[in-house]
$ cat upload.pdb   # PDB, N, CA and C atoms
ATOM      1  N   MET Y  17     -25.177 111.247  27.042
ATOM      2  CA  MET Y  17     -25.299 110.567  25.765
ATOM      3  C   MET Y  17     -24.165 109.549  25.660
ATOM      4  N   PRO Y  18     -24.471 108.297  25.246
ATOM      5  CA  PRO Y  18     -23.424 107.281  25.142
ATOM      6  C   PRO Y  18     -22.495 107.552  23.966
ATOM      7  N   LEU Y  19     -21.270 107.103  24.116
ATOM      8  CA  LEU Y  19     -20.276 107.235  23.056
ATOM      9  C   LEU Y  19     -20.565 106.213  21.970
ATOM     10  N   VAL Y  20     -20.576 106.645  20.714
ATOM     11  CA  VAL Y  20     -20.794 105.747  19.589
ATOM     12  C   VAL Y  20     -19.528 105.732  18.751
ATOM     13  N   VAL Y  21     -18.943 104.557  18.612
ATOM     14  CA  VAL Y  21     -17.743 104.385  17.806
ATOM     15  C   VAL Y  21     -18.128 103.573  16.575
ATOM     16  N   PRO Y  22     -18.068 104.183  15.371
ATOM     17  CA  PRO Y  22     -18.485 103.463  14.166
ATOM     18  C   PRO Y  22     -17.775 102.127  14.023
ATOM     19  N   GLY Y  23     -18.554 101.086  13.710
ATOM     20  CA  GLY Y  23     -17.999  99.766  13.494
ATOM     21  C   GLY Y  23     -17.769  98.965  14.758
ATOM     22  N   ILE Y  24     -17.817  99.617  15.926
ATOM     23  CA  ILE Y  24     -17.595  98.887  17.168
ATOM     24  C   ILE Y  24     -18.900  98.759  17.942
ATOM     25  N   ASN Y  25     -19.512  99.882  18.270
ATOM     26  CA  ASN Y  25     -20.766  99.793  19.012
ATOM     27  C   ASN Y  25     -21.913 100.519  18.319
ATOM     28  N   SER Y  26     -21.755 100.808  17.043
ATOM     29  CA  SER Y  26     -22.819 101.491  16.314
ATOM     30  C   SER Y  26     -23.677 100.533  15.503
ATOM     31  N   GLY Y  27     -23.404  99.241  15.590
ATOM     32  CA  GLY Y  27     -24.195  98.279  14.844
ATOM     33  C   GLY Y  27     -23.443  97.691  13.668
ATOM     34  N   GLY Y  28     -22.382  98.338  13.226
ATOM     35  CA  GLY Y  28     -21.532  97.812  12.159
ATOM     36  C   GLY Y  28     -22.300  97.468  10.909
ATOM     37  N   GLU Y  29     -22.101  96.231  10.416
ATOM     38  CA  GLU Y  29     -22.726  95.787   9.180
ATOM     39  C   GLU Y  29     -24.250  95.797   9.274
ATOM     40  N   GLN Y  30     -24.778  95.472  10.441
ATOM     41  CA  GLN Y  30     -26.231  95.433  10.580
ATOM     42  C   GLN Y  30     -26.838  96.817  10.368
ATOM     43  N   SER Y  31     -26.204  97.868  10.912
ATOM     44  CA  SER Y  31     -26.766  99.206  10.720
ATOM     45  C   SER Y  31     -26.608  99.661   9.267
ATOM     46  N   LYS Y  32     -25.511  99.255   8.595
ATOM     47  CA  LYS Y  32     -25.348  99.571   7.175
ATOM     48  C   LYS Y  32     -26.435  98.882   6.360
ATOM     49  N   THR Y  33     -26.689  97.615   6.676
ATOM     50  CA  THR Y  33     -27.724  96.868   5.964
ATOM     51  C   THR Y  33     -29.087  97.505   6.185
ATOM     52  N   GLU Y  34     -29.365  97.899   7.414
ATOM     53  CA  GLU Y  34     -30.641  98.543   7.717
ATOM     54  C   GLU Y  34     -30.776  99.867   6.966
ATOM     55  N   GLU Y  35     -29.700 100.624   6.891
ATOM     56  CA  GLU Y  35     -29.712 101.899   6.162
ATOM     57  C   GLU Y  35     -30.041 101.673   4.686
ATOM     58  N   TRP Y  36     -29.369 100.694   4.061
ATOM     59  CA  TRP Y  36     -29.614 100.411   2.648
ATOM     60  C   TRP Y  36     -30.994  99.803   2.436
ATOM     61  N   THR Y  37     -31.477  99.016   3.382
ATOM     62  CA  THR Y  37     -32.829  98.471   3.295
ATOM     63  C   THR Y  37     -33.836  99.608   3.229
ATOM     64  N   ASN Y  38     -33.687 100.594   4.100
ATOM     65  CA  ASN Y  38     -34.595 101.741   4.122
ATOM     66  C   ASN Y  38     -34.540 102.546   2.827
ATOM     67  N   LYS Y  39     -33.363 102.623   2.202
ATOM     68  CA  LYS Y  39     -33.204 103.391   0.970
ATOM     69  C   LYS Y  39     -33.749 102.665  -0.260
ATOM     70  N   LEU Y  40     -33.624 101.319  -0.280
ATOM     71  CA  LEU Y  40     -33.845 100.589  -1.526
ATOM     72  C   LEU Y  40     -35.101  99.738  -1.631
ATOM     73  N   VAL Y  41     -35.532  99.116  -0.560
ATOM     74  CA  VAL Y  41     -36.632  98.151  -0.656
ATOM     75  C   VAL Y  41     -37.893  98.812  -1.203
ATOM     76  N   GLY Y  42     -38.460  98.175  -2.224
ATOM     77  CA  GLY Y  42     -39.669  98.682  -2.874
ATOM     78  C   GLY Y  42     -39.402  99.596  -4.054
ATOM     79  N   LYS Y  43     -38.132  99.947  -4.285
ATOM     80  CA  LYS Y  43     -37.790 100.831  -5.404
ATOM     81  C   LYS Y  43     -37.150 100.021  -6.528
ATOM     82  N   LYS Y  44     -37.131 100.609  -7.718
ATOM     83  CA  LYS Y  44     -36.422 100.033  -8.854
ATOM     84  C   LYS Y  44     -35.091 100.751  -8.995
ATOM     85  N   LEU Y  45     -34.118 100.090  -9.614
ATOM     86  CA  LEU Y  45     -32.827 100.714  -9.868
ATOM     87  C   LEU Y  45     -32.854 101.332 -11.259
ATOM     88  N   GLY Y  46     -32.318 102.550 -11.380
ATOM     89  CA  GLY Y  46     -32.338 103.235 -12.665
ATOM     90  C   GLY Y  46     -31.236 104.273 -12.763
ATOM     91  N   GLU Y  47     -31.419 105.223 -13.658
ATOM     92  CA  GLU Y  47     -30.425 106.264 -13.899
ATOM     93  C   GLU Y  47     -30.493 107.394 -12.880
ATOM     94  N   GLY Y  48     -31.677 107.690 -12.389
ATOM     95  CA  GLY Y  48     -31.854 108.790 -11.441
ATOM     96  C   GLY Y  48     -32.609 108.329 -10.214
ATOM     97  N   SER Y  49     -32.688 109.204  -9.225
ATOM     98  CA  SER Y  49     -33.401 108.884  -7.989
ATOM     99  C   SER Y  49     -34.655 109.733  -7.859
ATOM    100  N   ASP Y  50     -35.753 109.085  -7.463
ATOM    101  CA  ASP Y  50     -36.986 109.782  -7.112
ATOM    102  C   ASP Y  50     -37.725 108.902  -6.112
ATOM    103  N   SER Y  51     -39.010 109.081  -5.948
ATOM    104  CA  SER Y  51     -39.748 108.339  -4.924
ATOM    105  C   SER Y  51     -39.885 106.855  -5.237
ATOM    106  N   THR Y  52     -39.739 106.454  -6.507
ATOM    107  CA  THR Y  52     -39.894 105.046  -6.873
ATOM    108  C   THR Y  52     -38.640 104.414  -7.474
ATOM    109  N   THR Y  53     -37.599 105.209  -7.677
ATOM    110  CA  THR Y  53     -36.381 104.723  -8.326
ATOM    111  C   THR Y  53     -35.151 105.187  -7.550
ATOM    112  N   PHE Y  54     -34.121 104.329  -7.513
ATOM    113  CA  PHE Y  54     -32.848 104.686  -6.880
ATOM    114  C   PHE Y  54     -31.762 104.591  -7.943
ATOM    115  N   ALA Y  55     -30.903 105.592  -8.028
ATOM    116  CA  ALA Y  55     -29.856 105.635  -9.044
ATOM    117  C   ALA Y  55     -28.781 104.589  -8.777
ATOM    118  N   ARG Y  56     -28.498 103.760  -9.781
ATOM    119  CA  ARG Y  56     -27.433 102.752  -9.656
ATOM    120  C   ARG Y  56     -26.093 103.399  -9.329
ATOM    121  N   ALA Y  57     -25.865 104.597  -9.841
ATOM    122  CA  ALA Y  57     -24.592 105.292  -9.618
ATOM    123  C   ALA Y  57     -24.375 105.624  -8.143
ATOM    124  N   GLU Y  58     -25.435 105.648  -7.351
ATOM    125  CA  GLU Y  58     -25.326 105.983  -5.931
ATOM    126  C   GLU Y  58     -25.104 104.758  -5.049
ATOM    127  N   LEU Y  59     -25.071 103.574  -5.653
ATOM    128  CA  LEU Y  59     -24.788 102.355  -4.887
ATOM    129  C   LEU Y  59     -23.300 102.292  -4.567
ATOM    130  N   PRO Y  60     -22.915 101.632  -3.473
ATOM    131  CA  PRO Y  60     -21.488 101.499  -3.154
ATOM    132  C   PRO Y  60     -20.736 100.749  -4.253
ATOM    133  N   LYS Y  61     -19.427 100.947  -4.302
ATOM    134  CA  LYS Y  61     -18.595 100.288  -5.316
ATOM    135  C   LYS Y  61     -18.740  98.767  -5.243
ATOM    136  N   GLU Y  62     -18.725  98.213  -4.051
ATOM    137  CA  GLU Y  62     -18.859  96.769  -3.844
ATOM    138  C   GLU Y  62     -20.338  96.399  -3.734
ATOM    139  N   THR Y  63     -21.054  96.419  -4.856
ATOM    140  CA  THR Y  63     -22.466  96.066  -4.877
ATOM    141  C   THR Y  63     -22.698  94.992  -5.922
ATOM    142  N   ARG Y  64     -23.550  94.028  -5.568
ATOM    143  CA  ARG Y  64     -23.935  92.975  -6.503
ATOM    144  C   ARG Y  64     -25.462  92.995  -6.585
ATOM    145  N   VAL Y  65     -25.983  93.223  -7.793
ATOM    146  CA  VAL Y  65     -27.425  93.220  -8.021
ATOM    147  C   VAL Y  65     -27.798  91.812  -8.461
ATOM    148  N   ILE Y  66     -28.712  91.190  -7.711
ATOM    149  CA  ILE Y  66     -29.070  89.795  -7.948
ATOM    150  C   ILE Y  66     -30.521  89.722  -8.418
ATOM    151  N   GLU Y  67     -30.677  89.356  -9.676
ATOM    152  CA  GLU Y  67     -32.008  89.206 -10.259
ATOM    153  C   GLU Y  67     -32.498  87.785 -10.025
ATOM    154  N   PRO Y  68     -33.820  87.556 -10.077
ATOM    155  CA  PRO Y  68     -34.347  86.202  -9.872
ATOM    156  C   PRO Y  68     -33.708  85.206 -10.840
ATOM    157  N   GLY Y  69     -33.273  84.069 -10.305
ATOM    158  CA  GLY Y  69     -32.666  83.028 -11.124
ATOM    159  C   GLY Y  69     -31.190  83.205 -11.385
ATOM    160  N   THR Y  70     -30.603  84.316 -10.929
ATOM    161  CA  THR Y  70     -29.183  84.566 -11.143
ATOM    162  C   THR Y  70     -28.348  83.700 -10.204
ATOM    163  N   MET Y  71     -27.326  83.057 -10.752
ATOM    164  CA  MET Y  71     -26.415  82.273  -9.919
ATOM    165  C   MET Y  71     -25.376  83.215  -9.324
ATOM    166  N   VAL Y  72     -25.052  83.001  -8.057
ATOM    167  CA  VAL Y  72     -24.052  83.830  -7.382
ATOM    168  C   VAL Y  72     -23.064  82.937  -6.640
ATOM    169  N   THR Y  73     -21.869  83.475  -6.419
ATOM    170  CA  THR Y  73     -20.865  82.750  -5.646
ATOM    171  C   THR Y  73     -21.172  82.886  -4.168
ATOM    172  N   LYS Y  74     -20.626  81.998  -3.371
ATOM    173  CA  LYS Y  74     -20.857  82.013  -1.923
ATOM    174  C   LYS Y  74     -19.669  82.596  -1.159
ATOM    175  N   ASP Y  75     -18.741  83.254  -1.867
ATOM    176  CA  ASP Y  75     -17.613  83.855  -1.172
ATOM    177  C   ASP Y  75     -18.107  84.952  -0.243
ATOM    178  N   PHE Y  76     -17.427  85.112   0.882
ATOM    179  CA  PHE Y  76     -17.853  86.058   1.917
ATOM    180  C   PHE Y  76     -17.050  87.342   1.816
ATOM    181  N   LYS Y  77     -17.735  88.431   1.534
ATOM    182  CA  LYS Y  77     -17.150  89.771   1.503
ATOM    183  C   LYS Y  77     -18.059  90.656   2.347
ATOM    184  N   PRO Y  78     -17.717  90.892   3.609
ATOM    185  CA  PRO Y  78     -18.616  91.613   4.507
ATOM    186  C   PRO Y  78     -18.954  93.039   4.069
ATOM    187  N   ASP Y  79     -18.128  93.641   3.217
ATOM    188  CA  ASP Y  79     -18.403  95.006   2.761
ATOM    189  C   ASP Y  79     -19.255  95.047   1.492
ATOM    190  N   ARG Y  80     -19.512  93.880   0.886
ATOM    191  CA  ARG Y  80     -20.269  93.854  -0.364
ATOM    192  C   ARG Y  80     -21.771  93.925  -0.069
ATOM    193  N   LEU Y  81     -22.440  94.835  -0.748
ATOM    194  CA  LEU Y  81     -23.883  94.983  -0.634
ATOM    195  C   LEU Y  81     -24.533  94.132  -1.718
ATOM    196  N   ASN Y  82     -25.391  93.205  -1.321
ATOM    197  CA  ASN Y  82     -26.170  92.400  -2.253
ATOM    198  C   ASN Y  82     -27.573  92.983  -2.317
ATOM    199  N   VAL Y  83     -28.000  93.343  -3.519
ATOM    200  CA  VAL Y  83     -29.324  93.903  -3.743
ATOM    201  C   VAL Y  83     -30.134  92.853  -4.496
ATOM    202  N   HIS Y  84     -31.161  92.316  -3.854
ATOM    203  CA  HIS Y  84     -31.989  91.262  -4.433
ATOM    204  C   HIS Y  84     -33.236  91.877  -5.058
ATOM    205  N   LEU Y  85     -33.472  91.539  -6.336
ATOM    206  CA  LEU Y  85     -34.619  92.081  -7.062
ATOM    207  C   LEU Y  85     -35.735  91.051  -7.184
ATOM    208  N   LYS Y  86     -36.977  91.527  -7.259
ATOM    209  CA  LYS Y  86     -38.139  90.684  -7.550
ATOM    210  C   LYS Y  86     -38.278  90.564  -9.065
ATOM    211  N   GLU Y  87     -39.223  89.770  -9.502
ATOM    212  CA  GLU Y  87     -39.486  89.588 -10.933
ATOM    213  C   GLU Y  87     -39.791  90.908 -11.647
ATOM    214  N   ASP Y  88     -40.472  91.830 -10.957
ATOM    215  CA  ASP Y  88     -40.840  93.106 -11.591
ATOM    216  C   ASP Y  88     -39.722  94.147 -11.531
ATOM    217  N   GLY Y  89     -38.563  93.776 -10.974
ATOM    218  CA  GLY Y  89     -37.419  94.682 -10.936
ATOM    219  C   GLY Y  89     -37.309  95.533  -9.692
ATOM    220  N   THR Y  90     -38.257  95.411  -8.766
ATOM    221  CA  THR Y  90     -38.150  96.168  -7.523
ATOM    222  C   THR Y  90     -37.273  95.416  -6.534
ATOM    223  N   VAL Y  91     -36.667  96.145  -5.633
ATOM    224  CA  VAL Y  91     -35.785  95.563  -4.627
ATOM    225  C   VAL Y  91     -36.618  94.867  -3.557
ATOM    226  N   SER Y  92     -36.333  93.581  -3.319
ATOM    227  CA  SER Y  92     -37.066  92.839  -2.286
ATOM    228  C   SER Y  92     -36.355  92.923  -0.946
ATOM    229  N   HIS Y  93     -35.019  92.807  -0.964
ATOM    230  CA  HIS Y  93     -34.236  92.915   0.265
ATOM    231  C   HIS Y  93     -32.770  93.110  -0.088
ATOM    232  N   VAL Y  94     -32.001  93.503   0.917
ATOM    233  CA  VAL Y  94     -30.552  93.685   0.752
ATOM    234  C   VAL Y  94     -29.836  93.005   1.913
ATOM    235  N   ASN Y  95     -28.577  92.652   1.694
ATOM    236  CA  ASN Y  95     -27.734  92.143   2.779
ATOM    237  C   ASN Y  95     -26.275  92.387   2.436
ATOM    238  N   HIS Y  96     -25.447  92.300   3.444
ATOM    239  CA  HIS Y  96     -23.993  92.412   3.257
ATOM    240  C   HIS Y  96     -23.408  91.025   3.362
ATOM    241  N   GLN Y  97     -22.622  90.619   2.348
ATOM    242  CA  GLN Y  97     -22.034  89.291   2.361
ATOM    243  C   GLN Y  97     -20.925  89.188   1.359
TER     244      GLN Y  97
END
$ encode --input "upload.pdb" --output "structure tokens"
Amino acid sequence: MPLVVPGINSGGEQSKTEEWTNKLVGKKLGEGSDSTTFARAELPKETRVIEPGTMVTKDFKPDRLNVHLKEDGTVSHVNHQ
């Protein structure tokens, strides 16, 4: 079995983004978690929820999770930036 060192050869930000994509895409953000909702309290401290039409800064923070919402409030995609 190959050695996996977090942040070096485990995929780093890309694997974190993929993990959050699997958890959030298609769900709404709310108070609790179930099959259609994800609790906002369970998001990382450095999270920015971006609703349609929201203006955002272009500063680069590789640990910040950006959660992009659709018009109906469901998560369309996530990225780290």
$ closest_residue --input "upload.pdb" --among "Y:Leu81, Y:Glu34, Y:Gly42, Y:Glu47" --to "Lys61 in chain Y" --atoms "only N, CA and C atoms"
Y:Leu81
$ residues_around --input "upload.pdb" --residues "Ala57 in chain Y" --least-positions-apart "2" --cutoff "6.5 Å" --atoms "all atoms listed in the file" --output "ChimeraX atom specification"
/Y:46-47,54-55,59-60
$ select_by_dssp --input "upload.pdb" --residues "chain Y" --states "alpha helix (DSSP H)" --output "PyMOL selection string"
chain Y and resi 28-40
$ write_last_selection --input "upload.pdb" --atoms "N, CA and C atoms" --output "compact mmCIF listing (two decimals), in the frame of the given file"
# COMPACT_ATOMS: atom_id res chain seq x y z
N GLY Y 28 -22.38 98.34 13.23
CA GLY Y 28 -21.53 97.81 12.16
C GLY Y 28 -22.30 97.47 10.91
N GLU Y 29 -22.10 96.23 10.42
CA GLU Y 29 -22.73 95.79 9.18
C GLU Y 29 -24.25 95.80 9.27
N GLN Y 30 -24.78 95.47 10.44
CA GLN Y 30 -26.23 95.43 10.58
C GLN Y 30 -26.84 96.82 10.37
N SER Y 31 -26.20 97.87 10.91
CA SER Y 31 -26.77 99.21 10.72
C SER Y 31 -26.61 99.66 9.27
N LYS Y 32 -25.51 99.26 8.60
CA LYS Y 32 -25.35 99.57 7.18
C LYS Y 32 -26.44 98.88 6.36
N THR Y 33 -26.69 97.62 6.68
CA THR Y 33 -27.72 96.87 5.96
C THR Y 33 -29.09 97.50 6.18
N GLU Y 34 -29.36 97.90 7.41
CA GLU Y 34 -30.64 98.54 7.72
C GLU Y 34 -30.78 99.87 6.97
N GLU Y 35 -29.70 100.62 6.89
CA GLU Y 35 -29.71 101.90 6.16
C GLU Y 35 -30.04 101.67 4.69
N TRP Y 36 -29.37 100.69 4.06
CA TRP Y 36 -29.61 100.41 2.65
C TRP Y 36 -30.99 99.80 2.44
N THR Y 37 -31.48 99.02 3.38
CA THR Y 37 -32.83 98.47 3.30
C THR Y 37 -33.84 99.61 3.23
N ASN Y 38 -33.69 100.59 4.10
CA ASN Y 38 -34.60 101.74 4.12
C ASN Y 38 -34.54 102.55 2.83
N LYS Y 39 -33.36 102.62 2.20
CA LYS Y 39 -33.20 103.39 0.97
C LYS Y 39 -33.75 102.66 -0.26
N LEU Y 40 -33.62 101.32 -0.28
CA LEU Y 40 -33.84 100.59 -1.53
C LEU Y 40 -35.10 99.74 -1.63
$ atom_distance --input "upload.pdb" --atom1 "atom C of Gln30 in chain Y" --atom2 "atom C of Glu62 in chain Y"
15.5 Å
$ resolve_selection --input "upload.pdb" --expression "the PyMOL selection byres ((chain Y and resi 80) around 7)" --output "mmCIF file with N, CA and C atoms, in the frame of the given file"
data_model
loop_
_atom_site.group_PDB
_atom_site.id
_atom_site.type_symbol
_atom_site.label_atom_id
_atom_site.label_comp_id
_atom_site.auth_asym_id
_atom_site.auth_seq_id
_atom_site.Cartn_x
_atom_site.Cartn_y
_atom_site.Cartn_z
ATOM 1 N N GLU Y 62 -18.725 98.213 -4.051
ATOM 2 C CA GLU Y 62 -18.859 96.769 -3.844
ATOM 3 C C GLU Y 62 -20.338 96.399 -3.734
ATOM 4 N N THR Y 63 -21.054 96.419 -4.856
ATOM 5 C CA THR Y 63 -22.466 96.066 -4.877
ATOM 6 C C THR Y 63 -22.698 94.992 -5.922
ATOM 7 N N ARG Y 64 -23.550 94.028 -5.568
ATOM 8 C CA ARG Y 64 -23.935 92.975 -6.503
ATOM 9 C C ARG Y 64 -25.462 92.995 -6.585
ATOM 10 N N LYS Y 77 -17.735 88.431 1.534
ATOM 11 C CA LYS Y 77 -17.150 89.771 1.503
ATOM 12 C C LYS Y 77 -18.059 90.656 2.347
ATOM 13 N N PRO Y 78 -17.717 90.892 3.609
ATOM 14 C CA PRO Y 78 -18.616 91.613 4.507
ATOM 15 C C PRO Y 78 -18.954 93.039 4.069
ATOM 16 N N ASP Y 79 -18.128 93.641 3.217
ATOM 17 C CA ASP Y 79 -18.403 95.006 2.761
ATOM 18 C C ASP Y 79 -19.255 95.047 1.492
ATOM 19 N N LEU Y 81 -22.440 94.835 -0.748
ATOM 20 C CA LEU Y 81 -23.883 94.983 -0.634
ATOM 21 C C LEU Y 81 -24.533 94.132 -1.718
ATOM 22 N N ASN Y 82 -25.391 93.205 -1.321
ATOM 23 C CA ASN Y 82 -26.170 92.400 -2.253
ATOM 24 C C ASN Y 82 -27.573 92.983 -2.317
ATOM 25 N N ASN Y 95 -28.577 92.652 1.694
ATOM 26 C CA ASN Y 95 -27.734 92.143 2.779
ATOM 27 C C ASN Y 95 -26.275 92.387 2.436
ATOM 28 N N HIS Y 96 -25.447 92.300 3.444
ATOM 29 C CA HIS Y 96 -23.993 92.412 3.257
ATOM 30 C C HIS Y 96 -23.408 91.025 3.362
ATOM 31 N N GLN Y 97 -22.622 90.619 2.348
ATOM 32 C CA GLN Y 97 -22.034 89.291 2.361
ATOM 33 C C GLN Y 97 -20.925 89.188 1.359
#
$ build_atoms --input "upload.pdb" --residues "range 55-65 of chain Y" --atoms "all heavy atoms" --output "tab-separated table (two decimals), in the frame of the given file"
chain	number	residue	atom	x	y	z
Y	55	ALA	N	-30.90	105.59	-8.03
Y	55	ALA	CA	-29.86	105.64	-9.04
Y	55	ALA	C	-28.78	104.59	-8.78
Y	55	ALA	O	-28.22	104.53	-7.68
Y	55	ALA	CB	-29.23	107.03	-9.10
Y	56	ARG	N	-28.50	103.76	-9.78
Y	56	ARG	CA	-27.43	102.75	-9.66
Y	56	ARG	C	-26.09	103.40	-9.33
Y	56	ARG	O	-25.28	102.82	-8.62
Y	56	ARG	CB	-27.30	101.94	-10.94
Y	56	ARG	CG	-28.38	100.90	-11.12
Y	56	ARG	CD	-28.12	100.08	-12.38
Y	56	ARG	NE	-29.18	99.13	-12.61
Y	56	ARG	CZ	-29.08	97.82	-12.36
Y	56	ARG	NH1	-27.95	97.33	-11.91
Y	56	ARG	NH2	-30.09	97.02	-12.60
Y	57	ALA	N	-25.86	104.60	-9.84
Y	57	ALA	CA	-24.59	105.29	-9.62
Y	57	ALA	C	-24.38	105.62	-8.14
Y	57	ALA	O	-23.24	105.85	-7.73
Y	57	ALA	CB	-24.54	106.56	-10.46
Y	58	GLU	N	-25.44	105.65	-7.35
Y	58	GLU	CA	-25.33	105.98	-5.93
Y	58	GLU	C	-25.10	104.76	-5.05
Y	58	GLU	O	-24.95	104.89	-3.84
Y	58	GLU	CB	-26.58	106.73	-5.48
Y	58	GLU	CG	-26.72	108.09	-6.14
Y	58	GLU	CD	-27.96	108.83	-5.70
Y	58	GLU	OE1	-28.35	108.70	-4.52
Y	58	GLU	OE2	-28.56	109.53	-6.53
Y	59	LEU	N	-25.07	103.57	-5.65
Y	59	LEU	CA	-24.79	102.36	-4.89
Y	59	LEU	C	-23.30	102.29	-4.57
Y	59	LEU	O	-22.48	102.82	-5.32
Y	59	LEU	CB	-25.19	101.11	-5.69
Y	59	LEU	CG	-26.69	100.94	-5.93
Y	59	LEU	CD1	-26.93	99.79	-6.91
Y	59	LEU	CD2	-27.43	100.69	-4.63
Y	60	PRO	N	-22.92	101.63	-3.47
Y	60	PRO	CA	-21.49	101.50	-3.15
Y	60	PRO	C	-20.74	100.75	-4.25
Y	60	PRO	O	-21.34	99.98	-5.02
Y	60	PRO	CB	-21.49	100.67	-1.86
Y	60	PRO	CG	-22.86	100.73	-1.32
Y	60	PRO	CD	-23.77	101.00	-2.48
Y	61	LYS	N	-19.43	100.95	-4.30
Y	61	LYS	CA	-18.60	100.29	-5.32
Y	61	LYS	C	-18.74	98.77	-5.24
Y	61	LYS	O	-18.86	98.10	-6.26
Y	61	LYS	CB	-17.13	100.69	-5.12
Y	61	LYS	CG	-16.20	100.08	-6.14
Y	61	LYS	CD	-14.78	100.49	-5.89
Y	61	LYS	CE	-13.86	99.79	-6.88
Y	61	LYS	NZ	-12.46	100.04	-6.60
Y	62	GLU	N	-18.73	98.21	-4.05
Y	62	GLU	CA	-18.86	96.77	-3.84
Y	62	GLU	C	-20.34	96.40	-3.73
Y	62	GLU	O	-20.84	96.14	-2.65
Y	62	GLU	CB	-18.12	96.33	-2.57
Y	62	GLU	CG	-16.64	96.21	-2.74
Y	62	GLU	CD	-16.23	94.96	-3.52
Y	62	GLU	OE1	-16.89	93.92	-3.41
Y	62	GLU	OE2	-15.24	95.06	-4.25
Y	63	THR	N	-21.05	96.42	-4.86
Y	63	THR	CA	-22.47	96.07	-4.88
Y	63	THR	C	-22.70	94.99	-5.92
Y	63	THR	O	-22.13	95.03	-7.01
Y	63	THR	CB	-23.35	97.29	-5.21
Y	63	THR	OG1	-23.17	98.27	-4.20
Y	63	THR	CG2	-24.81	96.92	-5.27
Y	64	ARG	N	-23.55	94.03	-5.57
Y	64	ARG	CA	-23.94	92.98	-6.50
Y	64	ARG	C	-25.46	93.00	-6.58
Y	64	ARG	O	-26.14	92.83	-5.58
Y	64	ARG	CB	-23.41	91.64	-5.98
Y	64	ARG	CG	-23.77	90.45	-6.79
Y	64	ARG	CD	-22.98	89.22	-6.41
Y	64	ARG	NE	-23.19	88.81	-5.03
Y	64	ARG	CZ	-22.69	87.70	-4.50
Y	64	ARG	NH1	-21.96	86.89	-5.23
Y	64	ARG	NH2	-22.91	87.39	-3.24
Y	65	VAL	N	-25.98	93.22	-7.79
Y	65	VAL	CA	-27.42	93.22	-8.02
Y	65	VAL	C	-27.80	91.81	-8.46
Y	65	VAL	O	-27.27	91.29	-9.44
Y	65	VAL	CB	-27.84	94.26	-9.08
Y	65	VAL	CG1	-29.32	94.20	-9.36
Y	65	VAL	CG2	-27.43	95.66	-8.62
